[in-house]
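Read the structure below first, then the notes.
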Amino acid sequence: MSVAVTPVTAPPAKVGRVITPAGIEVWHVESHVVPLVALSFLFEGGAAQDPDGKAGLAQTTARLLDEGAGPHSSAAFHERLADRAIELSFSAGPDSLGGTLKTLTRHADEAFGLLRLALLEPRFDEADLERVRAQSMASLRYQMKDPGTVASRRFFAEAFPGHPYGTPTSGTLDSLPAISREDVVALHRAQAARGRLKVAVVGAIAADEVARRVDHAFAALPEEPTLTAVPFTALAGVGARHVVEIDVPQSVIRFAMNGLPWSDPDFVPAYVLNHVLGGGAFTSRLFQEVREKRGLAYSVGTSLATFRAAATTWGFTATKNERVPEALAVIAGEIDRLREEGPSAEELEKAKAYLTGSYPLGFDTSTKIASQLVQIAFNDLGIDYVARRNALVSAVTLDDVRRAGARMLGDGRMLTVIAGKPDL
Amino acid sequence: MPRTPAGPSLIHAPGAGARPDFSAEGPQVHSYTLDNGMDVVVVPDTRVPVATHMVWYRNGSADDPIGVSGIAHFLEHLMFKGTEKHPAGAFSKVVSELGGQENAFTSYDYTAYFQRVAKEHLGTMMGFEADRMANLRLSDEVVAPERDVVLEERRMRVETDPAAQLSEAMAASLFVHHPYGIPIIGWMHEIEALDRGHALDYYGRFYTPENAILVVAGDVVPDEVLRLADASYGRVAPRGARPLRVRPREPEPRAMRRVAVADPRVEQPTLQRLYLAPSVVTGSARESAALEVLAELLGGGPTSYLYRRLVLDEGVAVNAGAWYMASAIDDTRFALYLVPAHDVGLEAAEEALDAAIRAVPDAALEEAAIARAKTRLVAETVYAADSQTSLARIYGAALAIGETIEDVKRWPSEVEAVTREDLAAAAGRVLAPHRSVTGQLRKAG
């Protein structure tokens, strides 16, 4: 059956730019249907800034930001949030420290007030640091012999040896005990700055109120962050295969090739090619060959992982130990086939149809819109990206995809990490 | 499923989930029944030109025949394998070309299929979904590899995860007679024996218009949805009556039970507790609302009673909480969990948990804490109204277990009406040792 594809022309969200009196740029989508406000923000920095031997510092800091601020102890701070069902959380990624806030409009005063306190006057009390540290260490122990976790940790260690991206964001059982209150205070001072802040606000809130509230929460932060430059790095270990032995019936497999950063002109073609290879639809080549035809795995796929200073295309699957060689051969075969022949014209058109048609689906809740916008801002794609994005995908040609494919898939060799007891 | 690479396919997540808000700004809900008995629910949400299309069947893993565990879930996978008109994968290809997303999931009491698409493609989705309600075709060539997929799914979720093995053992112990004690995905040895015949028998019994609920949420006009539904689902022949669910009733529990999974891979012990509890269907609305508030108050985050007492005050745990699975046709689970501090053994942790539970009437039911728990539960209804997918799931799940739209609408006021006395009564009745299973996850050796 053939289907007429209607090109989606209208942007999925109408994004406005608000410049606050203090000079902070906010991306804003106004919608009054549901009486809530969602905010998402990112500071430059994150776990790549963790000092040697103190992996997990950025994540620990993020987890402490809602554990008491200003006059409020941790318990009192959480109570003030819970009494009004305000949802505030902070997190650290490899290149960023960020957070999200969600509140009913009628509690916006309190919500933005608590956000301000958390950002400007976090207490970082010793008892709270000890509790958060114990929780983080318990999570590490809980996952210590989980095949997926083990495979991912080894994968990043092999992919980026000696580089911050090779060290886990959540730290290790050795690094977490080394983190002191002074470290947390220093990280907060270095990264919580308004100069390179990206912030988006979505929901039942007008532009002037956005400006006022964002200034209230962020304007008093220091201007510039103090960051250490993170050196660019390429994927290491291409061609190597590592096995971490765990006594389980199924092996988890991670594999990787080169990637392209957001700023690369071939990024969008690479993104389209990834969709053909192992993107998130049931139609991808790997899904068809590994799962549908052979029943080798429940999950299989690939995605572009882009960092500030590195990019890779990485894939995942899990199959019973006996079938690991077959799964590896099928995956390698599909990558070789794509490398040598490229996608067909029809495959390319279908991939573009999916990627353009599904774009609005990521804009159907206020929290999703806020987090999409802040990611777009963080990757320096411009406020008009939401409107331009589908045209960029539609313009991709077979030549573009082949060119991107040559850079991405290279000679077909991969870094492979397997956790389990594979029959190799 | 889901057949997408990430995310859980089997729902055994805690809690009934939030209910939508019905203040003046809340969603309007329209409902109909087609001539062939299929129910239709429409929840307009005009913010984005997108629609969520779901079909729910009133059968889940708890309706698997004895010895054929996992068949509801296996059939869910096989529903993507094509019909006479549309060969295997054709529906998925169309969804993908239209820029849609699709998936399916199986729970104890229901199975559901959904697509999210631009609103103009709703009719196309209905055409395909109605077709596979009646015309599924299965060959051994597609059934065998899909069974391998499900076996890999079970290996991924359970066979490689001692915590999941403990959950299975605890459920099997809590439900001594009722099929909620059997895993949704099925037992390994029974999945291995599932074949085309099992799947088609089960399909013939349950996949009928009388047994199905259509839920559409999104940028749609209710009358137009009804017209499209009539033209697609309306053409599926009725069977005359809804298929019967044969469910044994769980006997009154008498024995406190304990189970443990000891595995060399466990580096962080944990303690779990399940109590047999009335559901939103077997209990009164008031009792079930009280249990929802009780779970939130005892174990819903860092302001909860258990977290404060066991983590902040006594320091015996690094985390502690509670949940209640209200949404179930039959008697269900009320759960507590605790992650002990590094220097605290499981036995000491359990003593502290038991002391905390015994002290609930005196120590946990402060008015401010009750008010906070209610505020959080009711606010969840506004947050749910921000997501058309959440709305569709809330109505689909409610109707699939026999609740009505009115029940869903009344839920926030039921929560508001819960009193301290209701909470004390619910805690006294449900959190009793003889209704419980305690589970330990610990390192072998």
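Residue numbering restarts at 1 in every chain; chains get A, B, ... in the order shown in the structure tokens, and ligands count up from 1 in that same order.
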Strand (DSSP E) positions in region 273-403 of chain A, given as a list in words: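 DSSP on the backbone gives strand (DSSP E) at Val300, Gly301, Thr302, Ser303, Leu304, Ala305, Thr306, Ala311, Thr312, Thr313, Trp314, Gly315, Phe316, Thr317, Ala318, Thr319 and Lys320 of chain A.
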Which of region 332-432 of chain B fall in alpha helix (DSSP H), as a ChimeraX atom specification: /B:346-358,367-384,388-400,405-417,420-430
Pairwise distance for CA of Thr172 (chain A) and CA of Ser136 (chain A), rounded to one decimal in Å: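 Distance reported for this atom pair: 9.2 Å.
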Gly279 (chain A) surroundings by only C-alpha atoms, 10 Å radius, close-in-sequence under 5 positions cut, as a list in words: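 Counting only C-alpha atoms, the residues come to Tyr271, Val272, Leu273, Asn274, Ser284, Arg285, Leu286, Phe287, Val300, Gly301, Thr302, Ser303, Leu304, Gly315, Ala351 and Leu355 of chain A; Thr4 and Pro5 of chain B.
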Keeping only N, CA and C atoms, write those residues as a PDB file, in the first residue's frame.
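Writing the result to result20.pdb gives the following:
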```pdb
ATOM      1  N   TYR A 271      21.835  11.920  10.861  1.00  0.00           N
ATOM      2  CA  TYR A 271      20.657  11.638  11.672  1.00  0.00           C
ATOM      3  C   TYR A 271      19.649  10.814  10.861  1.00  0.00           C
ATOM      4  N   VAL A 272      19.470  11.193   9.599  1.00  0.00           N
ATOM      5  CA  VAL A 272      18.551  10.454   8.731  1.00  0.00           C
ATOM      6  C   VAL A 272      19.086   9.034   8.489  1.00  0.00           C
ATOM      7  N   LEU A 273      20.394   8.944   8.243  1.00  0.00           N
ATOM      8  CA  LEU A 273      20.989   7.625   8.003  1.00  0.00           C
ATOM      9  C   LEU A 273      20.852   6.734   9.241  1.00  0.00           C
ATOM     10  N   ASN A 274      21.055   7.321  10.411  1.00  0.00           N
ATOM     11  CA  ASN A 274      20.893   6.539  11.643  1.00  0.00           C
ATOM     12  C   ASN A 274      19.471   5.990  11.764  1.00  0.00           C
ATOM     13  N   SER A 284      13.383   0.022  11.059  1.00  0.00           N
ATOM     14  CA  SER A 284      14.826   0.156  10.823  1.00  0.00           C
ATOM     15  C   SER A 284      15.426  -1.179  10.378  1.00  0.00           C
ATOM     16  N   ARG A 285      16.562  -1.093   9.677  1.00  0.00           N
ATOM     17  CA  ARG A 285      17.200  -2.322   9.168  1.00  0.00           C
ATOM     18  C   ARG A 285      17.576  -3.266  10.304  1.00  0.00           C
ATOM     19  N   LEU A 286      18.153  -2.728  11.373  1.00  0.00           N
ATOM     20  CA  LEU A 286      18.558  -3.613  12.469  1.00  0.00           C
ATOM     21  C   LEU A 286      17.345  -4.243  13.141  1.00  0.00           C
ATOM     22  N   PHE A 287      16.283  -3.467  13.335  1.00  0.00           N
ATOM     23  CA  PHE A 287      15.073  -4.013  13.952  1.00  0.00           C
ATOM     24  C   PHE A 287      14.532  -5.164  13.103  1.00  0.00           C
ATOM     25  N   VAL A 300      16.945  -3.645  19.895  1.00  0.00           N
ATOM     26  CA  VAL A 300      18.151  -3.385  19.115  1.00  0.00           C
ATOM     27  C   VAL A 300      17.979  -2.012  18.483  1.00  0.00           C
ATOM     28  N   GLY A 301      19.060  -1.245  18.438  1.00  0.00           N
ATOM     29  CA  GLY A 301      18.950   0.070  17.826  1.00  0.00           C
ATOM     30  C   GLY A 301      20.265   0.818  17.893  1.00  0.00           C
ATOM     31  N   THR A 302      20.260   1.968  17.249  1.00  0.00           N
ATOM     32  CA  THR A 302      21.436   2.834  17.291  1.00  0.00           C
ATOM     33  C   THR A 302      20.978   4.264  17.505  1.00  0.00           C
ATOM     34  N   SER A 303      21.877   5.089  18.014  1.00  0.00           N
ATOM     35  CA  SER A 303      21.567   6.511  18.088  1.00  0.00           C
ATOM     36  C   SER A 303      22.841   7.333  18.032  1.00  0.00           C
ATOM     37  N   LEU A 304      22.675   8.602  17.675  1.00  0.00           N
ATOM     38  CA  LEU A 304      23.819   9.508  17.639  1.00  0.00           C
ATOM     39  C   LEU A 304      23.985  10.074  19.036  1.00  0.00           C
ATOM     40  N   GLY A 315      25.325   1.743  19.388  1.00  0.00           N
ATOM     41  CA  GLY A 315      24.207   0.821  19.264  1.00  0.00           C
ATOM     42  C   GLY A 315      24.129  -0.134  20.440  1.00  0.00           C
ATOM     43  N   ALA A 351      12.285   7.455   5.420  1.00  0.00           N
ATOM     44  CA  ALA A 351      12.913   7.934   6.654  1.00  0.00           C
ATOM     45  C   ALA A 351      12.607   9.418   6.850  1.00  0.00           C
ATOM     46  N   LEU A 355      10.594  11.135   9.932  1.00  0.00           N
ATOM     47  CA  LEU A 355      11.249  12.111  10.809  1.00  0.00           C
ATOM     48  C   LEU A 355      10.540  13.464  10.778  1.00  0.00           C
TER      49      LEU A 355
ATOM     50  N   THR B   4       9.503  -0.826  20.422  1.00  0.00           N
ATOM     51  CA  THR B   4      10.591   0.149  20.319  1.00  0.00           C
ATOM     52  C   THR B   4      11.731  -0.282  21.219  1.00  0.00           C
ATOM     53  N   PRO B   5      12.942   0.149  20.887  1.00  0.00           N
ATOM     54  CA  PRO B   5      14.108  -0.354  21.599  1.00  0.00           C
ATOM     55  C   PRO B   5      14.146  -0.011  23.088  1.00  0.00           C
TER      56      PRO B   5
END
```
Distance of CA of Thr365 (chain A) from CA of Ser387 (chain B), expressed in Å to one decimal place: 5.2 Å
Best match for closeness to Ala127 (chain A) among B:Pro412, B:Pro433, B:Gly396, B:Gly315, counting only C-alpha atoms: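 Distance minimum relative to Ala127 (chain A) lands on B:Gly315.
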Among the residues B:Ala112, B:Leu194, B:Leu122, B:Val221, the one that comes closest to Pro44 (chain B) [using only C-alpha atoms]: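 Among the listed residues, B:Val221 lies closest to Pro44 (chain B).
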Please list as a compact mmCIF listing (two decimals) with C-alpha atoms, in the first residue's frame every residue within 12 Å of Arg309 (chain B), counting only C-alpha atoms and excluding residues in the same chain fewer than 3 positions away.
```txt
# COMPACT_ATOMS: atom_id res chain seq x y z
CA ALA A 75 13.06 18.69 55.25
CA LEU B 298 3.63 6.79 54.04
CA GLY B 299 5.97 6.57 51.11
CA PRO B 302 11.17 12.83 50.77
CA THR B 303 8.39 14.34 52.89
CA SER B 304 6.74 10.98 53.51
CA TYR B 305 6.49 9.28 56.88
CA LEU B 306 8.69 6.29 56.09
CA LEU B 312 16.26 11.09 58.12
CA ASP B 313 15.58 10.31 61.78
CA GLU B 314 16.78 6.75 62.41
CA GLY B 315 19.30 6.53 59.57
CA VAL B 316 18.64 2.81 59.10
CA ALA B 317 17.84 3.25 55.40
CA VAL B 318 19.08 5.31 52.46
CA ASN B 319 15.67 5.13 50.85
CA ALA B 320 12.18 3.97 51.78
CA GLY B 321 8.76 4.29 50.23
CA LEU B 338 13.45 -0.08 51.96
CA ALA B 352 12.66 -0.73 62.08
CA LEU B 353 10.11 -0.97 59.26
CA ASP B 354 7.74 -3.04 61.40
CA ALA B 355 8.04 -0.63 64.30
CA ALA B 356 7.28 2.24 61.92
CA ILE B 357 4.18 0.49 60.59
CA ALA B 359 3.30 3.36 64.98
CA VAL B 360 1.30 4.61 61.98
CA ALA B 363 2.89 8.97 64.43
CA ALA B 364 1.98 9.16 60.75
```
Just want the 10 Å neighbourhood of Thr33 (chain B), counted on only C-alpha atoms, with same-chain residues fewer than 5 positions away dropped. Output as a CSV table (one decimal) with N, CA and C atoms, in the first residue's frame.
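result.csv was written with the following content:
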```csv
chain,number,residue,atom,x,y,z
B,38,MET,N,-18.9,-2.1,20.9
B,38,MET,CA,-17.6,-1.5,21.2
B,38,MET,C,-17.8,-0.1,21.8
B,39,ASP,N,-17.1,0.1,22.9
B,39,ASP,CA,-17.2,1.4,23.6
B,39,ASP,C,-16.2,2.4,23.0
B,40,VAL,N,-16.6,3.7,23.0
B,40,VAL,CA,-15.8,4.7,22.4
B,40,VAL,C,-15.7,5.9,23.4
B,41,VAL,N,-14.5,6.4,23.6
B,41,VAL,CA,-14.3,7.5,24.5
B,41,VAL,C,-13.4,8.5,23.7
B,210,GLU,N,-17.2,-6.3,21.3
B,210,GLU,CA,-17.9,-6.1,22.6
B,210,GLU,C,-16.8,-6.0,23.7
B,213,ILE,N,-12.4,-1.3,23.7
B,213,ILE,CA,-12.7,0.1,24.0
B,213,ILE,C,-11.8,1.0,23.1
B,214,LEU,N,-12.4,1.9,22.4
B,214,LEU,CA,-11.6,2.8,21.6
B,214,LEU,C,-11.5,4.1,22.4
B,226,LEU,N,-16.7,9.6,16.0
B,226,LEU,CA,-17.7,8.6,16.0
B,226,LEU,C,-18.0,8.1,14.6
B,230,ASP,N,-17.5,4.3,13.3
B,230,ASP,CA,-18.6,3.5,12.8
B,230,ASP,C,-18.2,2.9,11.4
B,234,GLY,N,-17.1,-0.2,13.5
B,234,GLY,CA,-18.5,-0.6,13.4
B,234,GLY,C,-18.8,-1.7,12.5
```
Among the residues B:Ser173, B:Gln440, B:Thr124, B:Ser327, the one that comes closest to chain A [using only C-alpha atoms]: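 Ranked by minimum distance to chain A, first place goes to B:Thr124.
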Neighbour list for Asp128 (chain A) as a list in words, cut-off 9 Å, only C-alpha atoms, skip fewer than 6 positions in-chain: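 Result of the neighbour search: Leu64, Glu67, Gly68 and Ser74 of chain A.
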Take the residues just selected and output them with N, CA and C atoms as a compact mmCIF listing (two decimals), in the first residue's frame.
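See part.txt below for the written result:
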```
# COMPACT_ATOMS: atom_id res chain seq x y z
N LEU A 64 22.03 17.76 45.53
CA LEU A 64 21.97 18.54 46.79
C LEU A 64 21.23 19.86 46.62
N GLU A 67 18.08 20.08 48.43
CA GLU A 67 18.15 19.55 49.80
C GLU A 67 18.39 20.67 50.81
N GLY A 68 17.63 21.72 50.67
CA GLY A 68 17.75 22.80 51.65
C GLY A 68 18.42 24.03 51.07
N SER A 74 16.67 20.88 54.63
CA SER A 74 16.23 19.95 53.58
C SER A 74 14.77 19.55 53.78
```
Selection: 12 Å around Glu245 (chain A), only C-alpha atoms, excl. self and same-chain fewer than 5 positions, as a PyMOL selection string: chain A and resi 145-147+150-151+154+250-252+321+417-424
Go ahead and write the residues just picked, C-alpha atoms, as a PDB file, in the first residue's frame.
```
ATOM      1  CA  LYS A 145      26.664  -6.399  38.368  1.00  0.00           C
ATOM      2  CA  ASP A 146      23.762  -5.517  36.124  1.00  0.00           C
ATOM      3  CA  PRO A 147      24.906  -6.522  32.617  1.00  0.00           C
ATOM      4  CA  VAL A 150      28.501  -3.020  33.349  1.00  0.00           C
ATOM      5  CA  ALA A 151      28.535  -2.942  29.537  1.00  0.00           C
ATOM      6  CA  ARG A 154      33.152  -0.408  30.146  1.00  0.00           C
ATOM      7  CA  GLN A 250      21.957 -13.257  28.112  1.00  0.00           C
ATOM      8  CA  SER A 251      24.756 -10.964  26.932  1.00  0.00           C
ATOM      9  CA  VAL A 252      24.381  -7.219  26.586  1.00  0.00           C
ATOM     10  CA  ASN A 321      24.889 -16.164  25.108  1.00  0.00           C
ATOM     11  CA  VAL A 417      31.740  -4.321  24.366  1.00  0.00           C
ATOM     12  CA  ILE A 418      29.900  -7.414  25.571  1.00  0.00           C
ATOM     13  CA  ALA A 419      28.795  -8.136  29.149  1.00  0.00           C
ATOM     14  CA  GLY A 420      27.653 -11.674  29.868  1.00  0.00           C
ATOM     15  CA  LYS A 421      28.978 -15.117  29.077  1.00  0.00           C
ATOM     16  CA  PRO A 422      28.989 -15.089  25.278  1.00  0.00           C
ATOM     17  CA  ASP A 423      29.822 -18.231  23.291  1.00  0.00           C
ATOM     18  CA  LEU A 424      32.628 -16.639  21.337  1.00  0.00           C
TER      19      LEU A 424
END
```
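Proximity ranking of A:Glu87, A:Glu326, A:Glu25, A:Asp215 relative to chain B places A:Glu87 first, based on only C-alpha atoms.
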